[in-house]
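Below is data13.cif, holding mmCIF, C-alpha atoms.
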data_entry
loop_
_atom_site.group_PDB
_atom_site.id
_atom_site.type_symbol
_atom_site.label_atom_id
_atom_site.label_comp_id
_atom_site.auth_asym_id
_atom_site.auth_seq_id
_atom_site.Cartn_x
_atom_site.Cartn_y
_atom_site.Cartn_z
ATOM 1 C CA MET A 1 12.561 -18.108 -16.622
ATOM 2 C CA ARG A 2 11.459 -20.990 -14.423
ATOM 3 C CA ARG A 3 8.775 -20.309 -11.815
ATOM 4 C CA ASP A 4 8.653 -22.416 -8.636
ATOM 5 C CA HIS A 5 4.981 -21.747 -8.037
ATOM 6 C CA PRO A 6 2.376 -19.725 -9.939
ATOM 7 C CA PRO A 7 1.433 -16.357 -8.442
ATOM 8 C CA TYR A 8 -2.115 -15.655 -7.344
ATOM 9 C CA GLY A 9 -3.311 -12.325 -8.672
ATOM 10 C CA GLY A 10 -5.064 -10.133 -6.164
ATOM 11 C CA ARG A 11 -6.522 -6.825 -7.287
ATOM 12 C CA GLN A 12 -5.534 -6.587 -10.914
ATOM 13 C CA GLY A 13 -4.257 -3.262 -12.225
ATOM 14 C CA VAL A 14 -6.596 -0.955 -10.339
ATOM 15 C CA ALA A 15 -6.790 2.465 -12.002
ATOM 16 C CA GLU A 16 -8.798 4.974 -9.999
ATOM 17 C CA ARG A 17 -9.361 8.417 -11.518
ATOM 18 C CA LEU A 18 -8.038 11.270 -9.440
ATOM 19 C CA ASP A 19 -11.223 13.176 -8.528
ATOM 20 C CA TYR A 20 -9.882 15.909 -6.273
ATOM 21 C CA ARG A 21 -13.324 17.315 -5.392
ATOM 22 C CA GLU A 22 -14.467 14.050 -3.824
ATOM 23 C CA LEU A 23 -11.029 13.583 -2.340
ATOM 24 C CA LEU A 24 -11.112 17.007 -0.682
ATOM 25 C CA LYS A 25 -14.465 16.190 0.885
ATOM 26 C CA GLY A 26 -13.032 12.970 2.289
ATOM 27 C CA LEU A 27 -9.886 14.739 3.502
ATOM 28 C CA ALA A 28 -11.980 17.359 5.319
ATOM 29 C CA GLU A 29 -13.889 14.603 7.126
ATOM 30 C CA ILE A 30 -10.643 12.813 7.999
ATOM 31 C CA ASP A 31 -9.157 16.111 9.210
ATOM 32 C CA GLU A 32 -12.064 16.589 11.627
ATOM 33 C CA TRP A 33 -11.737 12.996 12.789
ATOM 34 C CA LEU A 34 -7.995 13.421 13.387
ATOM 35 C CA ARG A 35 -8.524 16.594 15.412
ATOM 36 C CA ALA A 36 -11.193 14.869 17.520
ATOM 37 C CA ALA A 37 -8.716 12.040 18.143
ATOM 38 C CA GLY A 38 -6.102 14.524 19.393
ATOM 39 C CA PHE A 39 -4.005 14.802 16.220
ATOM 40 C CA GLY A 40 -4.280 18.519 15.596
ATOM 41 C CA SER A 41 -0.688 19.335 14.654
ATOM 42 C CA TYR A 42 0.365 19.901 11.068
ATOM 43 C CA ASN A 43 1.422 16.734 9.240
ATOM 44 C CA ARG A 44 1.856 15.435 5.718
ATOM 45 C CA ILE A 45 -1.841 14.536 5.324
ATOM 46 C CA ARG A 46 -2.664 18.194 5.846
ATOM 47 C CA VAL A 47 0.068 19.146 3.372
ATOM 48 C CA HIS A 48 -1.740 16.929 0.871
ATOM 49 C CA LYS A 49 -5.014 18.664 1.735
ATOM 50 C CA ARG A 50 -3.434 22.095 1.232
ATOM 51 C CA ASN A 51 -2.057 21.038 -2.164
ATOM 52 C CA LEU A 52 -5.433 19.814 -3.354
ATOM 53 C CA GLU A 53 -7.216 22.920 -2.024
ATOM 54 C CA SER A 54 -4.876 25.089 -4.117
ATOM 55 C CA LEU A 55 -5.750 23.127 -7.231
ATOM 56 C CA ALA A 56 -9.458 23.306 -6.388
ATOM 57 C CA ARG A 57 -9.332 27.094 -6.060
ATOM 58 C CA ALA A 58 -7.503 27.428 -9.360
ATOM 59 C CA THR A 59 -10.085 25.256 -11.097
ATOM 60 C CA GLU A 60 -13.013 27.195 -9.611
ATOM 61 C CA ASN A 61 -11.395 30.477 -10.686
ATOM 62 C CA GLY A 62 -10.737 29.189 -14.188
ATOM 63 C CA THR A 63 -6.987 29.598 -13.765
ATOM 64 C CA VAL A 64 -5.925 25.953 -13.617
ATOM 65 C CA GLU A 65 -3.702 26.230 -16.717
ATOM 66 C CA GLN A 66 -1.847 29.186 -15.247
ATOM 67 C CA TYR A 67 -1.637 27.372 -11.921
ATOM 68 C CA GLY A 68 -0.090 24.312 -13.531
ATOM 69 C CA ALA A 69 2.342 26.389 -15.594
ATOM 70 C CA GLY A 70 3.553 28.138 -12.447
ATOM 71 C CA LEU A 71 4.446 24.942 -10.604
ATOM 72 C CA THR A 72 8.042 23.802 -10.334
ATOM 73 C CA GLY A 73 8.847 20.194 -11.126
ATOM 74 C CA GLU A 74 9.077 19.465 -7.404
ATOM 75 C CA GLN A 75 5.675 21.070 -6.717
ATOM 76 C CA ARG A 76 4.039 19.169 -9.568
ATOM 77 C CA ARG A 77 5.517 15.895 -8.305
ATOM 78 C CA GLN A 78 4.331 16.529 -4.760
ATOM 79 C CA LEU A 79 0.846 17.432 -5.998
ATOM 80 C CA LEU A 80 0.527 14.170 -7.899
ATOM 81 C CA TRP A 81 1.658 12.092 -4.924
ATOM 82 C CA SER A 82 -0.773 14.098 -2.770
ATOM 83 C CA PHE A 83 -3.532 12.676 -4.953
ATOM 84 C CA VAL A 84 -2.300 9.091 -4.696
ATOM 85 C CA GLU A 85 -1.555 9.025 -0.975
ATOM 86 C CA SER A 86 -4.686 10.953 -0.006
ATOM 87 C CA GLN A 87 -6.830 8.565 -2.002
ATOM 88 C CA GLU A 88 -5.223 5.576 -0.275
ATOM 89 C CA PHE A 89 -5.534 7.095 3.200
ATOM 90 C CA VAL A 90 -9.112 8.332 2.873
ATOM 91 C CA GLY A 91 -10.262 5.071 1.316
ATOM 92 C CA SER A 92 -8.492 2.970 3.945
ATOM 93 C CA VAL A 93 -9.750 4.913 6.963
ATOM 94 C CA LYS A 94 -13.341 4.981 5.711
ATOM 95 C CA THR A 95 -13.279 1.253 4.939
ATOM 96 C CA LEU A 96 -12.009 0.427 8.426
ATOM 97 C CA GLN A 97 -14.541 2.765 10.018
ATOM 98 C CA ARG A 98 -17.432 1.171 8.124
ATOM 99 C CA ARG A 99 -16.265 -2.236 9.311
ATOM 100 C CA GLY A 100 -15.976 -1.006 12.912
ATOM 101 C CA CYS A 101 -12.221 -1.670 13.023
ATOM 102 C CA GLU A 102 -10.084 0.439 15.333
ATOM 103 C CA ILE A 103 -6.883 2.125 14.194
ATOM 104 C CA PRO A 104 -4.697 2.210 17.338
ATOM 105 C CA ALA A 105 -3.476 5.683 18.268
ATOM 106 C CA THR A 106 0.147 4.514 18.130
ATOM 107 C CA VAL A 107 -0.282 3.329 14.534
ATOM 108 C CA LEU A 108 -2.131 6.486 13.509
ATOM 109 C CA GLU A 109 0.453 8.742 15.142
ATOM 110 C CA ARG A 110 3.235 7.020 13.181
ATOM 111 C CA ALA A 111 1.247 7.132 9.944
ATOM 112 C CA LEU A 112 1.106 10.942 9.962
ATOM 113 C CA ARG A 113 4.883 11.374 10.073
ATOM 114 C CA GLY A 114 7.325 11.833 7.218
ATOM 115 C CA PRO A 115 7.865 14.226 4.307
ATOM 116 C CA ALA A 116 4.922 15.010 2.035
ATOM 117 C CA ASP A 117 7.164 14.590 -1.009
ATOM 118 C CA LEU A 118 7.861 10.877 -1.462
ATOM 119 C CA TYR A 119 11.110 11.627 -3.283
ATOM 120 C CA PHE A 120 12.672 12.980 -0.075
ATOM 121 C CA GLU A 121 11.786 9.955 2.057
ATOM 122 C CA ASP A 122 14.723 7.917 3.383
ATOM 123 C CA GLU A 123 15.188 5.150 5.943
ATOM 124 C CA SER A 124 15.072 7.592 8.862
ATOM 125 C CA SER A 125 11.822 9.231 7.691
ATOM 126 C CA SER A 126 10.012 6.174 6.310
ATOM 127 C CA HIS A 127 8.138 5.191 9.499
ATOM 128 C CA GLY A 128 5.073 7.236 8.545
ATOM 129 C CA ARG A 129 4.485 5.554 5.217
ATOM 130 C CA ASN A 130 5.351 2.182 6.754
ATOM 131 C CA ALA A 131 2.454 2.609 9.205
ATOM 132 C CA MET A 132 0.242 3.945 6.413
ATOM 133 C CA PHE A 133 0.943 0.750 4.496
ATOM 134 C CA GLU A 134 -0.184 -1.326 7.493
ATOM 135 C CA ILE A 135 -3.458 0.638 7.503
ATOM 136 C CA LEU A 136 -3.845 0.054 3.749
ATOM 137 C CA VAL A 137 -3.349 -3.702 4.182
ATOM 138 C CA ALA A 138 -5.858 -3.833 7.045
ATOM 139 C CA ALA A 139 -8.356 -1.935 4.898
ATOM 140 C CA GLY A 140 -7.903 -4.446 2.092
ATOM 141 C CA VAL A 141 -8.771 -7.220 4.541
ATOM 142 C CA ALA A 142 -11.792 -5.273 5.815
ATOM 143 C CA GLN A 143 -12.988 -4.645 2.254
ATOM 144 C CA ALA A 144 -13.249 -8.434 1.897
ATOM 145 C CA GLY A 145 -15.779 -8.521 4.746
ATOM 146 C CA LEU A 146 -13.241 -9.731 7.303
ATOM 147 C CA THR A 147 -12.343 -8.013 10.592
ATOM 148 C CA PRO A 148 -8.657 -7.102 10.838
ATOM 149 C CA GLN A 149 -6.814 -5.933 13.936
ATOM 150 C CA LEU A 150 -3.838 -3.603 13.722
ATOM 151 C CA GLY A 151 -0.991 -3.854 16.212
ATOM 152 C CA GLU A 152 1.423 -6.719 16.718
ATOM 153 C CA PRO A 153 1.644 -8.555 14.414
ATOM 154 C CA ASP A 154 1.001 -5.668 12.048
ATOM 155 C CA VAL A 155 -2.336 -7.121 10.910
ATOM 156 C CA ARG A 156 -4.228 -10.210 12.017
ATOM 157 C CA PHE A 157 -7.666 -11.596 11.213
ATOM 158 C CA ASP A 158 -9.733 -14.772 11.203
ATOM 159 C CA PHE A 159 -10.413 -16.593 7.950
ATOM 160 C CA GLU A 160 -12.163 -19.931 7.537
ATOM 161 C CA GLY A 161 -11.789 -20.682 11.239
ATOM 162 C CA ARG A 162 -8.060 -19.944 11.211
ATOM 163 C CA ARG A 163 -6.016 -16.972 12.342
ATOM 164 C CA ILE A 164 -3.944 -15.222 9.676
ATOM 165 C CA PHE A 165 -0.936 -13.186 10.851
ATOM 166 C CA ILE A 166 0.644 -10.540 8.601
ATOM 167 C CA GLN A 167 3.914 -8.658 8.925
ATOM 168 C CA CYS A 168 4.183 -5.670 6.574
ATOM 169 C CA LYS A 169 7.415 -4.333 5.110
ATOM 170 C CA ARG A 170 8.097 -1.349 2.856
ATOM 171 C CA VAL A 171 11.392 -1.354 1.024
ATOM 172 C CA LEU A 172 13.142 1.620 -0.534
ATOM 173 C CA THR A 173 15.521 -0.375 -2.754
ATOM 174 C CA GLU A 174 15.459 -3.827 -4.275
ATOM 175 C CA ALA A 175 18.661 -4.673 -2.411
ATOM 176 C CA GLY A 176 16.693 -4.396 0.829
ATOM 177 C CA ILE A 177 13.906 -6.821 -0.103
ATOM 178 C CA GLY A 178 15.662 -10.029 0.913
ATOM 179 C CA LYS A 179 16.648 -8.709 4.330
ATOM 180 C CA ARG A 180 13.150 -7.431 5.077
ATOM 181 C CA VAL A 181 11.449 -10.635 3.894
ATOM 182 C CA ILE A 182 13.683 -12.721 6.148
ATOM 183 C CA GLU A 183 13.063 -10.292 9.024
ATOM 184 C CA ALA A 184 9.299 -10.584 8.522
ATOM 185 C CA GLY A 185 9.599 -14.361 8.439
ATOM 186 C CA LYS A 186 11.348 -14.368 11.818
ATOM 187 C CA GLN A 187 8.697 -12.058 13.278
ATOM 188 C CA LEU A 188 5.937 -14.335 12.007
ATOM 189 C CA LYS A 189 7.693 -17.385 13.453
ATOM 190 C CA ARG A 190 7.581 -15.625 16.836
ATOM 191 C CA ASP A 191 3.928 -14.670 16.373
ATOM 192 C CA LEU A 192 2.908 -18.151 15.270
ATOM 193 C CA SER A 193 4.838 -19.814 18.097
ATOM 194 C CA SER A 194 2.932 -17.750 20.651
ATOM 195 C CA SER A 195 -0.438 -18.569 19.073
ATOM 196 C CA CYS A 196 -0.192 -22.297 19.994
ATOM 197 C CA ASP A 197 -2.600 -23.273 17.182
ATOM 198 C CA PRO A 198 -1.032 -25.390 14.410
ATOM 199 C CA ARG A 199 -3.693 -24.217 11.929
ATOM 200 C CA ASP A 200 -2.674 -20.537 12.119
ATOM 201 C CA CYS A 201 -0.934 -19.122 9.059
ATOM 202 C CA GLY A 202 1.521 -16.294 8.369
ATOM 203 C CA ILE A 203 1.915 -14.074 5.304
ATOM 204 C CA VAL A 204 4.697 -11.593 4.509
ATOM 205 C CA VAL A 205 3.342 -8.448 2.793
ATOM 206 C CA VAL A 206 5.868 -6.248 0.982
ATOM 207 C CA SER A 207 5.386 -2.835 -0.617
ATOM 208 C CA ILE A 208 7.725 -2.505 -3.612
ATOM 209 C CA SER A 209 6.342 0.863 -4.737
ATOM 210 C CA ARG A 210 9.564 2.736 -3.966
ATOM 211 C CA VAL A 211 11.617 0.084 -5.750
ATOM 212 C CA VAL A 212 9.718 0.651 -8.997
ATOM 213 C CA ASN A 213 9.181 4.410 -8.576
ATOM 214 C CA VAL A 214 11.494 6.368 -6.287
ATOM 215 C CA GLY A 215 8.979 9.214 -6.271
ATOM 216 C CA ASN A 216 10.014 11.268 -9.271
ATOM 217 C CA THR A 217 8.260 9.415 -12.105
ATOM 218 C CA VAL A 218 4.769 9.111 -13.569
ATOM 219 C CA LEU A 219 4.061 5.850 -15.366
ATOM 220 C CA VAL A 220 2.725 6.612 -18.860
ATOM 221 C CA VAL A 221 0.793 3.837 -20.638
ATOM 222 C CA PRO A 222 -1.504 3.815 -23.685
ATOM 223 C CA THR A 223 -4.412 1.834 -22.192
ATOM 224 C CA GLU A 224 -5.730 0.317 -18.957
ATOM 225 C CA LEU A 225 -4.797 -3.124 -20.302
ATOM 226 C CA ALA A 226 -1.221 -1.944 -20.763
ATOM 227 C CA LEU A 227 -1.328 -0.611 -17.195
ATOM 228 C CA ARG A 228 -2.352 -4.012 -15.821
ATOM 229 C CA GLU A 229 0.310 -5.767 -17.854
ATOM 230 C CA THR A 230 3.022 -3.330 -16.786
ATOM 231 C CA LEU A 231 2.245 -3.585 -13.083
ATOM 232 C CA SER A 232 2.021 -7.375 -13.260
ATOM 233 C CA ARG A 233 5.295 -7.621 -15.155
ATOM 234 C CA ASP A 234 7.105 -5.357 -12.676
ATOM 235 C CA ILE A 235 5.863 -7.334 -9.665
ATOM 236 C CA GLU A 236 6.662 -10.743 -11.126
ATOM 237 C CA ALA A 237 10.128 -9.664 -12.257
ATOM 238 C CA ILE A 238 11.045 -8.519 -8.760
ATOM 239 C CA MET A 239 9.525 -11.609 -7.140
ATOM 240 C CA LEU A 240 11.505 -13.933 -9.431
ATOM 241 C CA ARG A 241 14.724 -12.150 -8.552
ATOM 242 C CA GLN A 242 13.838 -12.519 -4.858
ATOM 243 C CA ARG A 243 12.684 -16.162 -4.876
ATOM 244 C CA GLN A 244 15.782 -17.271 -2.953
ATOM 245 C CA SER A 245 14.830 -14.879 -0.139
ATOM 246 C CA LEU A 246 11.386 -16.478 0.043
ATOM 247 C CA ARG A 247 12.974 -19.913 0.363
ATOM 248 C CA GLN A 248 14.847 -18.693 3.435
ATOM 249 C CA VAL A 249 11.553 -18.210 5.305
ATOM 250 C CA LYS A 250 11.705 -21.643 6.922
ATOM 251 C CA ASP A 251 8.746 -21.732 9.294
ATOM 252 C CA PRO A 252 6.240 -24.183 7.768
ATOM 253 C CA LYS A 253 3.296 -22.011 8.855
ATOM 254 C CA VAL A 254 4.498 -18.954 6.895
ATOM 255 C CA ALA A 255 2.805 -19.792 3.617
ATOM 256 C CA GLY A 256 3.628 -16.984 1.221
ATOM 257 C CA ALA A 257 4.352 -13.377 0.375
ATOM 258 C CA LEU A 258 2.176 -10.636 -1.095
ATOM 259 C CA PHE A 259 3.917 -7.989 -3.193
ATOM 260 C CA HIS A 260 2.111 -4.652 -3.594
ATOM 261 C CA LEU A 261 2.846 -1.850 -6.032
ATOM 262 C CA ALA A 262 1.212 1.601 -6.247
ATOM 263 C CA THR A 263 2.160 4.504 -8.489
ATOM 264 C CA PRO A 264 0.679 7.562 -10.182
ATOM 265 C CA ALA A 265 0.096 6.895 -13.863
ATOM 266 C CA PHE A 266 -1.192 8.629 -16.960
ATOM 267 C CA VAL A 267 -3.428 6.501 -19.207
ATOM 268 C CA GLN A 268 -3.364 8.048 -22.661
ATOM 269 C CA ALA A 269 -6.632 6.472 -23.837
ATOM 270 C CA MET A 270 -8.411 7.902 -20.776
ATOM 271 C CA GLY A 271 -6.631 11.242 -21.050
ATOM 272 C CA THR A 272 -6.204 11.440 -17.299
ATOM 273 C CA TYR A 273 -3.973 10.679 -14.345
ATOM 274 C CA VAL A 274 -4.889 7.686 -12.205
ATOM 275 C CA ALA A 275 -3.806 6.121 -8.938
ATOM 276 C CA ALA A 276 -2.648 2.682 -10.080
ATOM 277 C CA SER A 277 -2.078 -0.316 -7.828
ATOM 278 C CA GLN A 278 -1.776 -4.064 -7.945
ATOM 279 C CA ALA A 279 -1.083 -6.848 -5.461
ATOM 280 C CA THR A 280 -0.022 -10.415 -6.175
ATOM 281 C CA ILE A 281 0.386 -13.302 -3.725
ATOM 282 C CA PHE A 282 3.218 -15.792 -4.203
ATOM 283 C CA PRO A 283 3.204 -19.125 -2.337
ATOM 284 C CA ILE A 284 6.513 -20.118 -0.778
ATOM 285 C CA PRO A 285 7.669 -23.396 -2.382
ATOM 286 C CA GLY A 286 7.135 -26.462 -0.213
ATOM 287 C CA LYS A 287 4.478 -24.949 2.053
ATOM 288 C CA SER A 288 1.103 -26.640 2.477
ATOM 289 C CA ASP A 289 -1.259 -23.652 2.446
ATOM 290 C CA SER A 290 -1.198 -22.656 -1.223
ATOM 291 C CA ALA A 291 -4.944 -23.318 -1.592
ATOM 292 C CA LEU A 292 -5.653 -21.001 1.337
ATOM 293 C CA LEU A 293 -3.552 -18.276 -0.293
ATOM 294 C CA GLN A 294 -5.428 -18.678 -3.549
ATOM 295 C CA ARG A 295 -8.749 -18.143 -1.792
ATOM 296 C CA LEU A 296 -7.407 -15.092 0.042
ATOM 297 C CA ALA A 297 -6.072 -13.662 -3.220
ATOM 298 C CA SER A 298 -9.563 -13.764 -4.687
ATOM 299 C CA LEU A 299 -10.940 -11.743 -1.737
ATOM 300 C CA ILE A 300 -8.378 -9.211 -0.532
ATOM 301 C CA ARG A 301 -8.205 -5.906 -2.391
ATOM 302 C CA LEU A 302 -5.192 -3.613 -2.036
#

Take the structure from the file and write it as structure tokens.
Amino acid sequence: MRRDHPPYGGRQGVAERLDYRELLKGLAEIDEWLRAAGFGSYNRIRVHKRNLESLARATENGTVEQYGAGLTGEQRRQLLWSFVESQEFVGSVKTLQRRGCEIPATVLERALRGPADLYFEDESSSHGRNAMFEILVAAGVAQAGLTPQLGEPDVRFDFEGRRIFIQCKRVLTEAGIGKRVIEAGKQLKRDLSSSCDPRDCGIVVVSISRVVNVGNTVLVVPTELALRETLSRDIEAIMLRQRQSLRQVKDPKVAGALFHLATPAFVQAMGTYVAASQATIFPIPGKSDSALLQRLASLIRL
């Protein structure tokens, strides 16, 4: 299959072990921080915390096997996604806090919405995870030692004396990717027009996690190498099918698109569940900032 432009691999096949004890400690700190910020009502982050606390109690009591056997398929699925989403949220918030980056209250309020079980998310209830994805992207920028700002555009930051504007999109089906990419391109054209600096650059960032895993599957692979290869193959296959959509992003200052995929996985050689993720940047054919994208791809971790 012909490729218009080589992709630039970002964080390659990350596989983080699901350590619920450390995660619970982080969730407790985030819970206190949320309450201090005025977000005391029950939300899906606290559902995740409750799920992990139940598992912790069972482990401490030596009844984890009985606990697992008593779970329904739906409960087991929600527990696994509680691991993955909690790990993303705790890691993102702490990274932004260390960097001194503010999470606007409007973004945080949106991020806490939505069903705890990913499988039951639809277009009307997806706003929470959409905002959570914006926080994740900002944290990836902050992890690179840069200083992102959340708001409008979704994320912006300075890099090599230039301003980089990002519009984030989460898609629930592959059929929706083209529409959302074009929508993000139009938003970036507006953002870049208002910036009045010809050196500014725009990037479309798309979460394809729900395209690959609707929320009811655990990826099973033999090794970490197989995990990296699987994630890379899934991302590239979707990008190649969507290359015509990328060509429709006409503004010359919108240089490329980053596709991100996250999923729970079981690595047989490790004998454990992991939170797996990968991000790859694809330059848009004919744009002049491919070298800039390559340098960003080597820095930003999602």

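Taking CA of Glu160 (chain A) as the reference point, CA of Gly185 (chain A) is found at 22.5 Å.
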
Applying 12 Å and all atoms listed in the file, which residues near Phe39 (chain A) remain after dropping the ones on its own chain fewer than 2 positions away? List them as a ChimeraX atom specification. /A:30-37,41-43,45-46,105-106,108-113

Counting only C-alpha atoms, which residue out of A:Ala58, A:Ile135, A:Leu227, A:Leu27 sits closest to Gln268 (chain A)?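 Looking at the shortest contact to Gln268 (chain A), the residue is A:Leu227.
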
Running the PyMOL selection byres ((chain A and resi 99) around 8) on this model by hand, what would come out? Give it as a list in words.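 So the PyMOL selection byres ((chain A and resi 99) around 8), applied here, picks out Thr95, Leu96, Gln97, Arg98, Gly100, Cys101, Ala142, Gly145 and Thr147 of chain A.
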
Separation of CA of Phe282 (chain A) and CA of Val205 (chain A), in Å?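 Between these atoms lies a distance of 10.1 Å.
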
Which distance in Å separates CA of Phe133 (chain A) and CA of Cys168 (chain A), to one decimal?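 These two atoms are separated by 7.5 Å.
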